[in-house]
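Asker: Dropping in work39.pdb, which is PDB, C-alpha atoms, pLDDT in the B column:
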```
ATOM      1  CA  HIS A   1     -53.278  -9.729 -19.452  1.00 89.00           C
ATOM      2  CA  GLN A   2     -51.071 -10.088 -16.391  1.00 91.00           C
ATOM      3  CA  ALA A   3     -53.255  -7.780 -14.277  1.00 96.00           C
ATOM      4  CA  ALA A   4     -56.356  -9.737 -15.292  1.00 96.00           C
ATOM      5  CA  ALA A   5     -54.647 -13.049 -14.475  1.00 96.00           C
ATOM      6  CA  GLU A   6     -53.577 -11.765 -11.060  1.00 97.00           C
ATOM      7  CA  LYS A   7     -57.089 -10.491 -10.352  1.00 98.00           C
ATOM      8  CA  PHE A   8     -58.616 -13.834 -11.357  1.00 98.00           C
ATOM      9  CA  ALA A   9     -56.067 -15.697  -9.200  1.00 98.00           C
ATOM     10  CA  ARG A  10     -57.036 -13.567  -6.191  1.00 98.00           C
ATOM     11  CA  LEU A  11     -60.736 -14.198  -6.861  1.00 98.00           C
ATOM     12  CA  LEU A  12     -60.186 -17.951  -7.183  1.00 97.00           C
ATOM     13  CA  ALA A  13     -57.995 -18.030  -4.068  1.00 97.00           C
ATOM     14  CA  GLY A  14     -60.715 -16.230  -2.133  1.00 97.00           C
ATOM     15  CA  LYS A  15     -63.336 -18.750  -3.239  1.00 97.00           C
ATOM     16  CA  LEU A  16     -61.052 -21.641  -2.291  1.00 97.00           C
ATOM     17  CA  GLN A  17     -60.332 -20.058   1.092  1.00 97.00           C
ATOM     18  CA  GLU A  18     -64.045 -19.624   1.765  1.00 97.00           C
ATOM     19  CA  ALA A  19     -64.808 -23.226   0.794  1.00 97.00           C
ATOM     20  CA  CYS A  20     -61.970 -24.539   2.977  1.00 96.00           C
ATOM     21  CA  GLN A  21     -63.096 -22.485   5.977  1.00 95.00           C
ATOM     22  CA  GLN A  22     -66.589 -23.942   5.569  1.00 96.00           C
ATOM     23  CA  ASP A  23     -65.089 -27.458   5.311  1.00 95.00           C
ATOM     24  CA  ARG A  24     -66.563 -27.966   1.842  1.00 96.00           C
ATOM     25  CA  ILE A  25     -63.098 -28.885   0.531  1.00 93.00           C
ATOM     26  CA  ALA A  26     -60.746 -31.315   2.278  1.00 93.00           C
ATOM     27  CA  ARG A  27     -57.895 -31.134  -0.226  1.00 91.00           C
ATOM     28  CA  VAL A  28     -57.102 -28.841  -3.123  1.00 92.00           C
ATOM     29  CA  GLY A  29     -55.513 -29.855  -6.399  1.00 92.00           C
ATOM     30  CA  LEU A  30     -54.180 -27.080  -8.622  1.00 94.00           C
ATOM     31  CA  VAL A  31     -53.733 -27.620 -12.351  1.00 94.00           C
ATOM     32  CA  ALA A  32     -52.773 -24.515 -14.301  1.00 95.00           C
ATOM     33  CA  ALA A  33     -50.313 -23.095 -16.769  1.00 95.00           C
ATOM     34  CA  PRO A  34     -47.011 -22.341 -15.007  1.00 96.00           C
ATOM     35  CA  ARG A  35     -47.388 -18.557 -14.978  1.00 96.00           C
ATOM     36  CA  PHE A  36     -50.970 -18.659 -13.688  1.00 97.00           C
ATOM     37  CA  LEU A  37     -50.054 -21.285 -11.116  1.00 97.00           C
ATOM     38  CA  GLY A  38     -47.465 -18.831  -9.800  1.00 97.00           C
ATOM     39  CA  HIS A  39     -50.121 -16.126  -9.491  1.00 97.00           C
ATOM     40  CA  LEU A  40     -52.408 -18.580  -7.716  1.00 97.00           C
ATOM     41  CA  ARG A  41     -49.702 -19.703  -5.286  1.00 96.00           C
ATOM     42  CA  SER A  42     -49.032 -16.065  -4.410  1.00 96.00           C
ATOM     43  CA  ALA A  43     -52.729 -15.423  -3.800  1.00 97.00           C
ATOM     44  CA  LEU A  44     -53.416 -18.525  -1.684  1.00 97.00           C
ATOM     45  CA  HIS A  45     -53.106 -18.214   2.059  1.00 95.00           C
ATOM     46  CA  GLY A  46     -54.373 -19.704   5.261  1.00 94.00           C
ATOM     47  CA  GLU A  47     -56.425 -22.848   5.177  1.00 94.00           C
ATOM     48  CA  ALA A  48     -56.571 -23.047   1.380  1.00 96.00           C
ATOM     49  CA  ALA A  49     -52.773 -22.970   1.092  1.00 97.00           C
ATOM     50  CA  ARG A  50     -52.437 -25.679   3.749  1.00 96.00           C
ATOM     51  CA  ARG A  51     -54.879 -27.954   1.921  1.00 95.00           C
ATOM     52  CA  VAL A  52     -53.043 -27.951  -1.420  1.00 95.00           C
ATOM     53  CA  ALA A  53     -52.266 -31.618  -2.008  1.00 91.00           C
ATOM     54  CA  LEU A  54     -51.325 -31.543  -5.691  1.00 91.00           C
ATOM     55  CA  GLU A  55     -49.889 -29.069  -8.175  1.00 93.00           C
ATOM     56  CA  VAL A  56     -49.523 -29.657 -11.903  1.00 93.00           C
ATOM     57  CA  ASP A  57     -47.860 -26.816 -13.790  1.00 94.00           C
ATOM     58  CA  LYS A  58     -49.174 -27.495 -17.278  1.00 94.00           C
ATOM     59  CA  ASN A  59     -51.653 -25.739 -19.523  1.00 94.00           C
ATOM     60  CA  LEU A  60     -54.208 -28.467 -20.177  1.00 94.00           C
ATOM     61  CA  THR A  61     -57.091 -26.247 -21.269  1.00 92.00           C
ATOM     62  CA  HIS A  62     -57.137 -27.680 -24.787  1.00 94.00           C
ATOM     63  CA  GLU A  63     -56.783 -31.308 -23.743  1.00 94.00           C
ATOM     64  CA  ARG A  64     -59.531 -33.894 -23.596  1.00 95.00           C
ATOM     65  CA  ALA A  65     -60.404 -35.404 -20.215  1.00 91.00           C
ATOM     66  CA  VAL A  66     -58.380 -38.560 -20.884  1.00 90.00           C
ATOM     67  CA  GLU A  67     -55.228 -36.484 -21.546  1.00 91.00           C
ATOM     68  CA  VAL A  68     -55.824 -34.378 -18.440  1.00 90.00           C
ATOM     69  CA  ARG A  69     -56.129 -37.544 -16.334  1.00 88.00           C
ATOM     70  CA  SER A  70     -52.803 -38.786 -17.679  1.00 89.00           C
ATOM     71  CA  HIS A  71     -51.097 -35.859 -15.914  1.00 87.00           C
ATOM     72  CA  LEU A  72     -52.682 -36.680 -12.545  1.00 87.00           C
ATOM     73  CA  PRO A  73     -51.796 -39.391 -10.027  1.00 85.00           C
ATOM     74  CA  THR A  74     -53.837 -42.539 -10.622  1.00 79.00           C
ATOM     75  CA  LYS A  75     -54.772 -42.708  -6.927  1.00 71.00           C
ATOM     76  CA  LEU A  76     -57.163 -39.794  -7.509  1.00 71.00           C
ATOM     77  CA  PHE A  77     -59.406 -42.072  -9.541  1.00 65.00           C
ATOM     78  CA  ALA A  78     -59.399 -45.127  -7.275  1.00 58.00           C
TER      79      ALA A  78
END
```
Show how you would write the structure in this file as structure tokens.
Answerer:
Amino acid sequence: HQAAAEKFARLLAGKLQEACQQDRIARVGLVAAPRFLGHLRSALHGEAARRVALEVDKNLTHERAVEVRSHLPTKLFA
């Protein structure tokens, strides 16, 4: 499972890097289970890493949208 998680983190980091280089993303917010967030942090570099504005190290995959929002700063929804 760890190898698959690391591979997915690298894939996601690459997609984020590409989007940042094309100015399709101004800021990046990362919400992931602690272990996966660590993999993602290790895989991020360059522009994508510089644009990370928020990190939430919680597994919220089974939460409803209202519960997910409760873990995020309210200014995101203003």
Asker: One number please: CA of Arg27 (chain A) to CA of Glu6 (chain A), in Å, one decimal.
Answerer: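 Between CA of Arg27 (chain A) and CA of Glu6 (chain A) the gap works out to 22.6 Å.
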Asker: Which residue out of A:Val28, A:Leu76, A:Leu44, A:Leu60 has the minimum interatomic distance to Ala13 (chain A) when all atoms listed in the file are used?
Answerer: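 Going through A:Val28, A:Leu76, A:Leu44, A:Leu60 one by one, the smallest distance to Ala13 (chain A) is for A:Leu44.
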Asker: With a distance cut-off of 10 Å and only C-alpha atoms, select the neighbouring residues of Gln2 (chain A), excluding the residue or stretch itself and same-chain residues fewer than 3 positions from it, and output the selection as an MDAnalysis selection string.
Answerer: chainID A and resid 5:8 35:36 39
Asker: Those same residues, written as a CSV table (one decimal), in the coordinates of the input with C-alpha atoms?
Answerer:
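The file below, result.csv, is the result:
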```
chain,number,residue,atom,x,y,z
A,5,ALA,CA,-54.6,-13.0,-14.5
A,6,GLU,CA,-53.6,-11.8,-11.1
A,7,LYS,CA,-57.1,-10.5,-10.4
A,8,PHE,CA,-58.6,-13.8,-11.4
A,35,ARG,CA,-47.4,-18.6,-15.0
A,36,PHE,CA,-51.0,-18.7,-13.7
A,39,HIS,CA,-50.1,-16.1,-9.5
```
Asker: Which residues, named as in the file, does the PyMOL selection byres ((chain A and resi 14) around 12) pick out? Answer as a PDB file with C-alpha atoms, keeping the file's coordinate frame.
Answerer:
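Saved result, part-v6.pdb, follows:
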```
ATOM      1  CA  LYS A   7     -57.089 -10.491 -10.352  1.00 98.00           C
ATOM      2  CA  PHE A   8     -58.616 -13.834 -11.357  1.00 98.00           C
ATOM      3  CA  ALA A   9     -56.067 -15.697  -9.200  1.00 98.00           C
ATOM      4  CA  ARG A  10     -57.036 -13.567  -6.191  1.00 98.00           C
ATOM      5  CA  LEU A  11     -60.736 -14.198  -6.861  1.00 98.00           C
ATOM      6  CA  LEU A  12     -60.186 -17.951  -7.183  1.00 97.00           C
ATOM      7  CA  ALA A  13     -57.995 -18.030  -4.068  1.00 97.00           C
ATOM      8  CA  LYS A  15     -63.336 -18.750  -3.239  1.00 97.00           C
ATOM      9  CA  LEU A  16     -61.052 -21.641  -2.291  1.00 97.00           C
ATOM     10  CA  GLN A  17     -60.332 -20.058   1.092  1.00 97.00           C
ATOM     11  CA  GLU A  18     -64.045 -19.624   1.765  1.00 97.00           C
ATOM     12  CA  ALA A  19     -64.808 -23.226   0.794  1.00 97.00           C
ATOM     13  CA  CYS A  20     -61.970 -24.539   2.977  1.00 96.00           C
ATOM     14  CA  GLN A  21     -63.096 -22.485   5.977  1.00 95.00           C
ATOM     15  CA  LEU A  40     -52.408 -18.580  -7.716  1.00 97.00           C
ATOM     16  CA  ARG A  41     -49.702 -19.703  -5.286  1.00 96.00           C
ATOM     17  CA  SER A  42     -49.032 -16.065  -4.410  1.00 96.00           C
ATOM     18  CA  ALA A  43     -52.729 -15.423  -3.800  1.00 97.00           C
ATOM     19  CA  LEU A  44     -53.416 -18.525  -1.684  1.00 97.00           C
ATOM     20  CA  HIS A  45     -53.106 -18.214   2.059  1.00 95.00           C
ATOM     21  CA  GLY A  46     -54.373 -19.704   5.261  1.00 94.00           C
ATOM     22  CA  GLU A  47     -56.425 -22.848   5.177  1.00 94.00           C
ATOM     23  CA  ALA A  48     -56.571 -23.047   1.380  1.00 96.00           C
ATOM     24  CA  ALA A  49     -52.773 -22.970   1.092  1.00 97.00           C
TER      25      ALA A  49
END
```
Asker: Between A:Ala4, A:Arg50, A:Val56, A:His62, which residue has the minimum interatomic distance to Leu30 (chain A), considering all atoms listed in the file?
Answerer: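 For Leu30 (chain A), the nearest of the given residues is A:Val56.
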Asker: Apply the PyMOL selection byres ((chain A and resi 33) around 7) to the structure shown and report the selected residues as a ChimeraX atom specification.
Answerer: /A:32,34-37,57-59
Asker: Work out how far CA of Ala53 (chain A) is from CA of Pro73 (chain A), in Å to one decimal.
Answerer: 11.2 Å
Asker: Output the residue selection produced by the PyMOL selection byres ((chain A and resi 72) around 10) on the file above, formatted as a PyMOL selection string.
Answerer: chain A and resi 29+31+54-56+67-71+73-77
